[in-house]
file data-v5.pdb (PDB, C-alpha atoms)
ATOM      1  CA  MET T 173     -78.259   5.506 -55.790
ATOM      2  CA  LYS T 174     -76.429   7.525 -53.140
ATOM      3  CA  LYS T 175     -77.734   5.138 -50.474
ATOM      4  CA  VAL T 176     -76.415   2.116 -52.354
ATOM      5  CA  ILE T 177     -72.969   3.690 -52.795
ATOM      6  CA  PHE T 178     -72.898   4.689 -49.133
ATOM      7  CA  LEU T 179     -73.883   1.173 -48.008
ATOM      8  CA  MET T 180     -71.278  -0.422 -50.280
ATOM      9  CA  PHE T 181     -68.597   1.928 -48.928
ATOM     10  CA  PHE T 182     -69.717   1.217 -45.350
ATOM     11  CA  PHE T 183     -69.529  -2.576 -45.758
ATOM     12  CA  VAL T 184     -66.192  -2.469 -47.561
ATOM     13  CA  SER T 185     -64.752  -0.312 -44.794
ATOM     14  CA  LEU T 186     -65.980  -2.790 -42.189
ATOM     15  CA  LEU T 187     -64.346  -5.686 -44.010
ATOM     16  CA  THR T 188     -61.019  -3.930 -44.499
ATOM     17  CA  LYS T 189     -60.819  -2.296 -41.099
ATOM     18  CA  ALA T 190     -57.616  -3.186 -39.285
ATOM     19  CA  GLN T 191     -57.900  -5.358 -36.230
ATOM     20  CA  GLU T 192     -56.943  -3.533 -33.078
ATOM     21  CA  ILE T 193     -54.821  -4.821 -30.251
ATOM     22  CA  LYS T 194     -56.631  -4.847 -26.932
ATOM     23  CA  TRP T 195     -54.159  -2.680 -25.033
ATOM     24  CA  MET T 196     -54.435  -2.479 -21.262
ATOM     25  CA  SER T 197     -52.537  -0.925 -18.412
ATOM     26  CA  PHE T 198     -49.761  -2.876 -16.709
ATOM     27  CA  GLU T 199     -51.814  -3.413 -13.570
ATOM     28  CA  GLU T 200     -54.862  -4.527 -15.612
ATOM     29  CA  ALA T 201     -52.691  -7.140 -17.328
ATOM     30  CA  ILE T 202     -51.360  -8.428 -14.002
ATOM     31  CA  ALA T 203     -54.932  -8.697 -12.656
ATOM     32  CA  ALA T 204     -56.135 -10.455 -15.837
ATOM     33  CA  GLN T 205     -53.220 -12.852 -15.609
ATOM     34  CA  LYS T 206     -54.364 -13.973 -12.159
ATOM     35  CA  LYS T 207     -57.803 -14.905 -13.538
ATOM     36  CA  ALA T 208     -56.615 -16.467 -16.812
ATOM     37  CA  PRO T 209     -52.846 -17.016 -17.118
ATOM     38  CA  LYS T 210     -51.325 -15.669 -20.305
ATOM     39  CA  LYS T 211     -47.974 -14.132 -21.109
ATOM     40  CA  ILE T 212     -47.650 -10.347 -21.135
ATOM     41  CA  LEU T 213     -46.238  -8.278 -23.983
ATOM     42  CA  ILE T 214     -45.225  -4.749 -22.984
ATOM     43  CA  ASP T 215     -44.732  -2.109 -25.660
ATOM     44  CA  ALA T 216     -42.344   0.327 -23.952
ATOM     45  CA  TYR T 217     -42.659   3.538 -25.938
ATOM     46  CA  THR T 218     -42.208   7.276 -25.544
ATOM     47  CA  ASN T 219     -44.287  10.148 -26.908
ATOM     48  CA  TRP T 220     -41.394  11.582 -28.931
ATOM     49  CA  CYS T 221     -40.222   8.307 -30.529
ATOM     50  CA  GLY T 222     -40.765   8.099 -34.291
ATOM     51  CA  PHE T 223     -40.099   4.361 -34.485
ATOM     52  CA  CYS T 224     -42.670   3.820 -31.702
ATOM     53  CA  LYS T 225     -45.260   5.516 -33.909
ATOM     54  CA  MET T 226     -44.154   3.318 -36.817
ATOM     55  CA  TYR T 227     -44.777   0.219 -34.671
ATOM     56  CA  ASP T 228     -48.360   1.390 -34.134
ATOM     57  CA  LYS T 229     -48.938   2.365 -37.767
ATOM     58  CA  ASN T 230     -47.102  -0.385 -39.652
ATOM     59  CA  THR T 231     -46.910  -3.417 -37.360
ATOM     60  CA  PHE T 232     -49.447  -3.420 -34.532
ATOM     61  CA  SER T 233     -52.219  -2.335 -36.906
ATOM     62  CA  LYS T 234     -51.844  -5.418 -39.116
ATOM     63  CA  LYS T 235     -54.680  -7.892 -38.701
ATOM     64  CA  GLU T 236     -52.539 -11.014 -38.286
ATOM     65  CA  VAL T 237     -50.263  -9.312 -35.752
ATOM     66  CA  ALA T 238     -53.170  -7.920 -33.721
ATOM     67  CA  ASN T 239     -55.062 -11.214 -33.779
ATOM     68  CA  TYR T 240     -51.998 -13.168 -32.687
ATOM     69  CA  ILE T 241     -51.160 -10.769 -29.871
ATOM     70  CA  ASN T 242     -54.768 -10.656 -28.642
ATOM     71  CA  LYS T 243     -54.984 -14.452 -28.634
ATOM     72  CA  ASN T 244     -51.649 -15.189 -26.951
ATOM     73  CA  PHE T 245     -50.731 -12.209 -24.774
ATOM     74  CA  TYR T 246     -52.078  -9.513 -22.531
ATOM     75  CA  ALA T 247     -50.826  -6.451 -24.367
ATOM     76  CA  VAL T 248     -49.611  -3.475 -22.365
ATOM     77  CA  LYS T 249     -48.924  -0.026 -23.774
ATOM     78  CA  PHE T 250     -46.388   1.494 -21.366
ATOM     79  CA  ASN T 251     -45.035   5.034 -21.639
ATOM     80  CA  ALA T 252     -41.473   4.454 -20.444
ATOM     81  CA  GLU T 253     -41.128   8.158 -19.640
ATOM     82  CA  GLY T 254     -44.654   8.591 -18.275
ATOM     83  CA  ASN T 255     -45.893   9.527 -14.845
ATOM     84  CA  ASP T 256     -48.034   6.505 -13.875
ATOM     85  CA  VAL T 257     -47.587   4.954 -10.454
ATOM     86  CA  ILE T 258     -47.414   1.177 -10.818
ATOM     87  CA  HIS T 259     -47.545  -1.458  -8.098
ATOM     88  CA  PHE T 260     -45.767  -4.669  -9.051
ATOM     89  CA  LYS T 261     -44.329  -7.563  -7.053
ATOM     90  CA  GLY T 262     -44.651  -5.693  -3.764
ATOM     91  CA  LYS T 263     -42.880  -2.568  -5.035
ATOM     92  CA  THR T 264     -44.081   0.824  -6.200
ATOM     93  CA  PHE T 265     -42.635   2.185  -9.439
ATOM     94  CA  SER T 266     -42.989   5.799 -10.547
ATOM     95  CA  ASN T 267     -41.111   8.535 -12.346
ATOM     96  CA  PRO T 268     -39.930  10.850  -9.552
ATOM     97  CA  TYR T 269     -38.118  13.201 -11.956
ATOM     98  CA  PHE T 270     -41.008  13.456 -14.419
ATOM     99  CA  ASP T 271     -41.317  16.959 -15.881
ATOM    100  CA  PRO T 272     -44.946  17.733 -16.869
ATOM    101  CA  ASN T 273     -43.666  20.458 -19.222
ATOM    102  CA  ARG T 274     -41.860  17.813 -21.282
ATOM    103  CA  THR T 275     -44.671  15.318 -21.994
ATOM    104  CA  HIS T 276     -43.969  15.380 -25.754
ATOM    105  CA  ALA T 277     -40.197  15.626 -25.492
ATOM    106  CA  ARG T 278     -37.537  13.529 -23.808
ATOM    107  CA  ASN T 279     -38.324  13.094 -20.149
ATOM    108  CA  SER T 280     -36.853  11.081 -17.309
ATOM    109  CA  ALA T 281     -37.099   7.301 -17.332
ATOM    110  CA  HIS T 282     -39.890   5.571 -15.433
ATOM    111  CA  GLN T 283     -38.579   3.263 -12.696
ATOM    112  CA  LEU T 284     -40.423   0.271 -14.215
ATOM    113  CA  ALA T 285     -38.596   0.847 -17.510
ATOM    114  CA  SER T 286     -35.313   0.732 -15.610
ATOM    115  CA  TYR T 287     -36.458  -2.396 -13.740
ATOM    116  CA  PHE T 288     -36.993  -4.153 -17.087
ATOM    117  CA  ARG T 289     -33.690  -2.733 -18.464
ATOM    118  CA  VAL T 290     -35.402  -0.716 -21.180
ATOM    119  CA  SER T 291     -32.832   1.727 -22.508
ATOM    120  CA  SER T 292     -33.995   2.349 -26.084
ATOM    121  CA  PHE T 293     -37.313   2.901 -27.777
ATOM    122  CA  PRO T 294     -39.319   1.162 -28.867
ATOM    123  CA  SER T 295     -38.655  -1.970 -26.835
ATOM    124  CA  LEU T 296     -40.851  -4.989 -26.253
ATOM    125  CA  VAL T 297     -40.718  -6.736 -22.888
ATOM    126  CA  PHE T 298     -42.040 -10.278 -22.563
ATOM    127  CA  LEU T 299     -43.228 -11.681 -19.235
ATOM    128  CA  ASP T 300     -44.331 -15.245 -18.519
ATOM    129  CA  GLU T 301     -47.688 -16.320 -17.072
ATOM    130  CA  ASP T 302     -46.472 -15.447 -13.559
ATOM    131  CA  ALA T 303     -45.239 -11.995 -14.628
ATOM    132  CA  ASN T 304     -41.597 -13.069 -14.504
ATOM    133  CA  TYR T 305     -39.226 -11.390 -16.935
ATOM    134  CA  LEU T 306     -38.471 -13.421 -20.076
ATOM    135  CA  ASP T 307     -36.691 -11.067 -22.437
ATOM    136  CA  LEU T 308     -36.459  -7.629 -23.987
ATOM    137  CA  ILE T 309     -36.501  -7.064 -27.756
ATOM    138  CA  PRO T 310     -35.268  -3.541 -28.565
ATOM    139  CA  GLY T 311     -35.986  -1.688 -31.777
ATOM    140  CA  TYR T 312     -38.654  -1.456 -34.407
ATOM    141  CA  ARG T 313     -39.808  -4.625 -36.203
ATOM    142  CA  THR T 314     -41.979  -5.177 -39.268
ATOM    143  CA  PRO T 315     -44.811  -7.706 -38.894
ATOM    144  CA  THR T 316     -42.614 -10.457 -40.345
ATOM    145  CA  GLN T 317     -39.663  -9.545 -38.137
ATOM    146  CA  LEU T 318     -41.895  -9.443 -35.058
ATOM    147  CA  GLU T 319     -43.614 -12.746 -35.837
ATOM    148  CA  ILE T 320     -40.557 -14.832 -35.012
ATOM    149  CA  TYR T 321     -40.407 -13.347 -31.485
ATOM    150  CA  LEU T 322     -44.143 -13.486 -30.823
ATOM    151  CA  LYS T 323     -44.236 -17.166 -31.696
ATOM    152  CA  LEU T 324     -41.001 -17.895 -29.843
ATOM    153  CA  PHE T 325     -42.516 -16.724 -26.560
ATOM    154  CA  ALA T 326     -46.142 -17.740 -27.108
ATOM    155  CA  SER T 327     -45.144 -21.327 -27.931
ATOM    156  CA  ASP T 328     -42.538 -21.612 -25.139
ATOM    157  CA  LYS T 329     -39.858 -22.398 -27.740
ATOM    158  CA  TYR T 330     -37.615 -19.900 -25.938
ATOM    159  CA  LYS T 331     -37.077 -22.635 -23.328
ATOM    160  CA  ASP T 332     -35.257 -24.718 -25.961
ATOM    161  CA  ILE T 333     -32.838 -21.952 -26.962
ATOM    162  CA  ASN T 334     -29.656 -22.315 -24.933
ATOM    163  CA  SER T 335     -27.020 -21.337 -27.465
ATOM    164  CA  SER T 336     -26.481 -19.359 -30.638
ATOM    165  CA  GLU T 337     -26.691 -22.660 -32.536
ATOM    166  CA  ASP T 338     -30.166 -23.301 -31.055
ATOM    167  CA  TRP T 339     -31.237 -19.804 -32.126
ATOM    168  CA  GLU T 340     -29.856 -20.298 -35.643
ATOM    169  CA  GLU T 341     -31.745 -23.581 -35.952
ATOM    170  CA  TYR T 342     -34.963 -21.966 -34.715
ATOM    171  CA  ILE T 343     -34.805 -19.118 -37.224
ATOM    172  CA  SER T 344     -33.690 -21.355 -40.110
ATOM    173  CA  THR T 345     -36.683 -23.678 -39.660
ATOM    174  CA  PHE T 346     -39.221 -20.978 -38.770
ATOM    175  CA  LYS T 347     -42.289 -20.857 -41.032
ATOM    176  CA  TYR T 348     -43.424 -17.260 -41.560
ATOM    177  CA  GLU T 349     -47.154 -16.664 -41.881
ATOM    178  CA  PHE T 350     -47.588 -12.908 -41.350
ATOM    179  CA  GLY T 351     -47.496 -10.555 -44.311
ATOM    180  CA  THR T 352     -45.106  -7.640 -44.404
TER     181      THR T 352
END
call {"tool": "encode", "arguments": {"input": "data-v5.pdb", "output": "structure tokens"}}
result
Amino acid sequence: MKKVIFLMFFFVSLLTKAQEIKWMSFEEAIAAQKKAPKKILIDAYTNWCGFCKMYDKNTFSKKEVANYINKNFYAVKFNAEGNDVIHFKGKTFSNPYFDPNRTHARNSAHQLASYFRVSSFPSLVFLDEDANYLDLIPGYRTPTQLEIYLKLFASDKYKDINSSEDWEEYISTFKYEFGT
């Protein structure tokens, strides 16, 4: 009987397990993009940011969000106050004022975060298939709130938005599919 209960629990846990986003480093995403072009989604976070942790727990862990991101983007987890050295577009980006004693507290900004104009956390940076900057979406979003942006960039609809009226029309006709 114990075996049967264990097996039932095991199979139920497999079926309900949250899909995970296939996170990669920035340079891995750039290399992958050269082999198979896809847009890049960068989650610019910090270790001390509570809303960044909420993104991971409440939004990125949702099956429909993870599946959509994995299908349409190379997903990058980027510590915007970290100490990684990143080579991008012929430049080297680092965090020259990084304090190793402050890894779980506010630290200095990484140069790549400044390059992408990240000034608050969390922030999502979208890049096109050639790693050109598209936009930055600051702040925490629920799955439903994030869906509108994911689909805007994945579908290239952002190219049709040239005014606030265009944006209002896009959001008023948008069909939500993700759960909350």
call {"tool": "closest_residue", "arguments": {"input": "data-v5.pdb", "among": "T:Ser266, T:Thr316, T:Thr275, T:Gln205", "to": "Asp300 (chain T)", "atoms": "all atoms listed in the file"}}
result
T:Gln205
call {"tool": "resolve_selection", "arguments": {"input": "data-v5.pdb", "expression": "the PyMOL selection byres ((chain T and resi 230-244) around 6)", "output": "short mmCIF file (atom, residue, chain, number, x, y, z; two decimals) with C-alpha atoms, in the frame of the given file"}}
result
data_model
loop_
_atom_site.label_atom_id
_atom_site.label_comp_id
_atom_site.auth_asym_id
_atom_site.auth_seq_id
_atom_site.Cartn_x
_atom_site.Cartn_y
_atom_site.Cartn_z
CA ALA T 190 -57.62 -3.19 -39.28
CA GLN T 191 -57.90 -5.36 -36.23
CA GLU T 192 -56.94 -3.53 -33.08
CA ILE T 193 -54.82 -4.82 -30.25
CA MET T 226 -44.15 3.32 -36.82
CA TYR T 227 -44.78 0.22 -34.67
CA ASP T 228 -48.36 1.39 -34.13
CA LYS T 229 -48.94 2.37 -37.77
CA PHE T 245 -50.73 -12.21 -24.77
CA THR T 314 -41.98 -5.18 -39.27
CA PRO T 315 -44.81 -7.71 -38.89
#
call {"tool": "resolve_selection", "arguments": {"input": "data-v5.pdb", "expression": "the PyMOL selection byres ((chain T and resi 260) around 10)", "output": "VMD selection string"}}
result
chain T and resid 198 to 199 202 257 to 259 261 to 265 284 303
call {"tool": "residues_around", "arguments": {"input": "data-v5.pdb", "residues": "Ser197 (chain T)", "least_positions_apart": "6", "cutoff": "9 Å", "atoms": "all atoms listed in the file", "output": "list in words"}}
result
Ala247, Val248, Lys249 and Phe250 of chain T
call {"tool": "resolve_selection", "arguments": {"input": "data-v5.pdb", "expression": "the PyMOL selection byres ((chain T and resi 317) around 12)", "output": "ChimeraX atom specification"}}
result
/T:227,230-231,237,309,311-316,318-324,343,346-352
call {"tool": "closest_residue", "arguments": {"input": "data-v5.pdb", "among": "T:Ser344, T:Leu296, T:Asp256, T:Glu337", "to": "Ala216 (chain T)", "atoms": "all atoms listed in the file"}}
result
T:Leu296
call {"tool": "closest_residue", "arguments": {"input": "data-v5.pdb", "among": "T:Tyr330, T:Ala252, T:Ala201, T:Pro272", "to": "Tyr287 (chain T)", "atoms": "all atoms listed in the file"}}
result
T:Ala252
call {"tool": "atom_distance", "arguments": {"input": "data-v5.pdb", "atom1": "CA of Asp215 (chain T)", "atom2": "CA of Gln283 (chain T)"}}
result
15.3 Å
call {"tool": "axis_aligned_box", "arguments": {"input": "data-v5.pdb", "around": "region 279-294 of chain T", "padding_each_side": "5 Å", "output": "lines of an AutoDock Vina configuration file"}}
result
center_x = -36.6
center_y = 4.5
center_z = -20.8
size_x = 17.6
size_y = 27.2
size_z = 26.2
call {"tool": "atom_distance", "arguments": {"input": "data-v5.pdb", "atom1": "CA of Asn255 (chain T)", "atom2": "CA of Pro268 (chain T)"}}
result
8.1 Å
call {"tool": "atom_distance", "arguments": {"input": "data-v5.pdb", "atom1": "CA of Arg274 (chain T)", "atom2": "CA of Ser291 (chain T)"}}
result
18.5 Å
call {"tool": "closest_residue", "arguments": {"input": "data-v5.pdb", "among": "T:Leu306, T:Ala285, T:Cys224, T:Ala326", "to": "Tyr246 (chain T)", "atoms": "only C-alpha atoms"}}
result
T:Ala326
call {"tool": "residues_around", "arguments": {"input": "data-v5.pdb", "residues": "Pro209 (chain T)", "least_positions_apart": "3", "cutoff": "8 Å", "atoms": "all atoms listed in the file", "output": "PDB file with C-alpha atoms, keeping the file's coordinate frame"}}
result
ATOM      1  CA  ALA T 204     -56.135 -10.455 -15.837  1.00  0.00           C
ATOM      2  CA  GLN T 205     -53.220 -12.852 -15.609  1.00  0.00           C
ATOM      3  CA  LYS T 206     -54.364 -13.973 -12.159  1.00  0.00           C
ATOM      4  CA  GLU T 301     -47.688 -16.320 -17.072  1.00  0.00           C
ATOM      5  CA  ASP T 302     -46.472 -15.447 -13.559  1.00  0.00           C
TER       6      ASP T 302
END
call {"tool": "closest_residue", "arguments": {"input": "data-v5.pdb", "among": "T:Asn334, T:Ser327, T:Asn273, T:Thr345", "to": "Lys210 (chain T)", "atoms": "all atoms listed in the file"}}
result
T:Ser327
call {"tool": "residues_around", "arguments": {"input": "data-v5.pdb", "residues": "Ala277 (chain T)", "least_positions_apart": "5", "cutoff": "10 Å", "atoms": "all atoms listed in the file", "output": "PyMOL selection string"}}
result
chain T and resi 218-221+253+271
call {"tool": "write_last_selection", "arguments": {"input": "data-v5.pdb", "atoms": "C-alpha atoms", "output": "short mmCIF file (atom, residue, chain, number, x, y, z; two decimals), keeping the file's coordinate frame"}}
result
data_model
loop_
_atom_site.label_atom_id
_atom_site.label_comp_id
_atom_site.auth_asym_id
_atom_site.auth_seq_id
_atom_site.Cartn_x
_atom_site.Cartn_y
_atom_site.Cartn_z
CA THR T 218 -42.21 7.28 -25.54
CA ASN T 219 -44.29 10.15 -26.91
CA TRP T 220 -41.39 11.58 -28.93
CA CYS T 221 -40.22 8.31 -30.53
CA GLU T 253 -41.13 8.16 -19.64
CA ASP T 271 -41.32 16.96 -15.88
#
call {"tool": "closest_residue", "arguments": {"input": "data-v5.pdb", "among": "T:Trp339, T:Asn251, T:Leu213, T:Ala281", "to": "Lys194 (chain T)", "atoms": "all atoms listed in the file"}}
result
T:Leu213
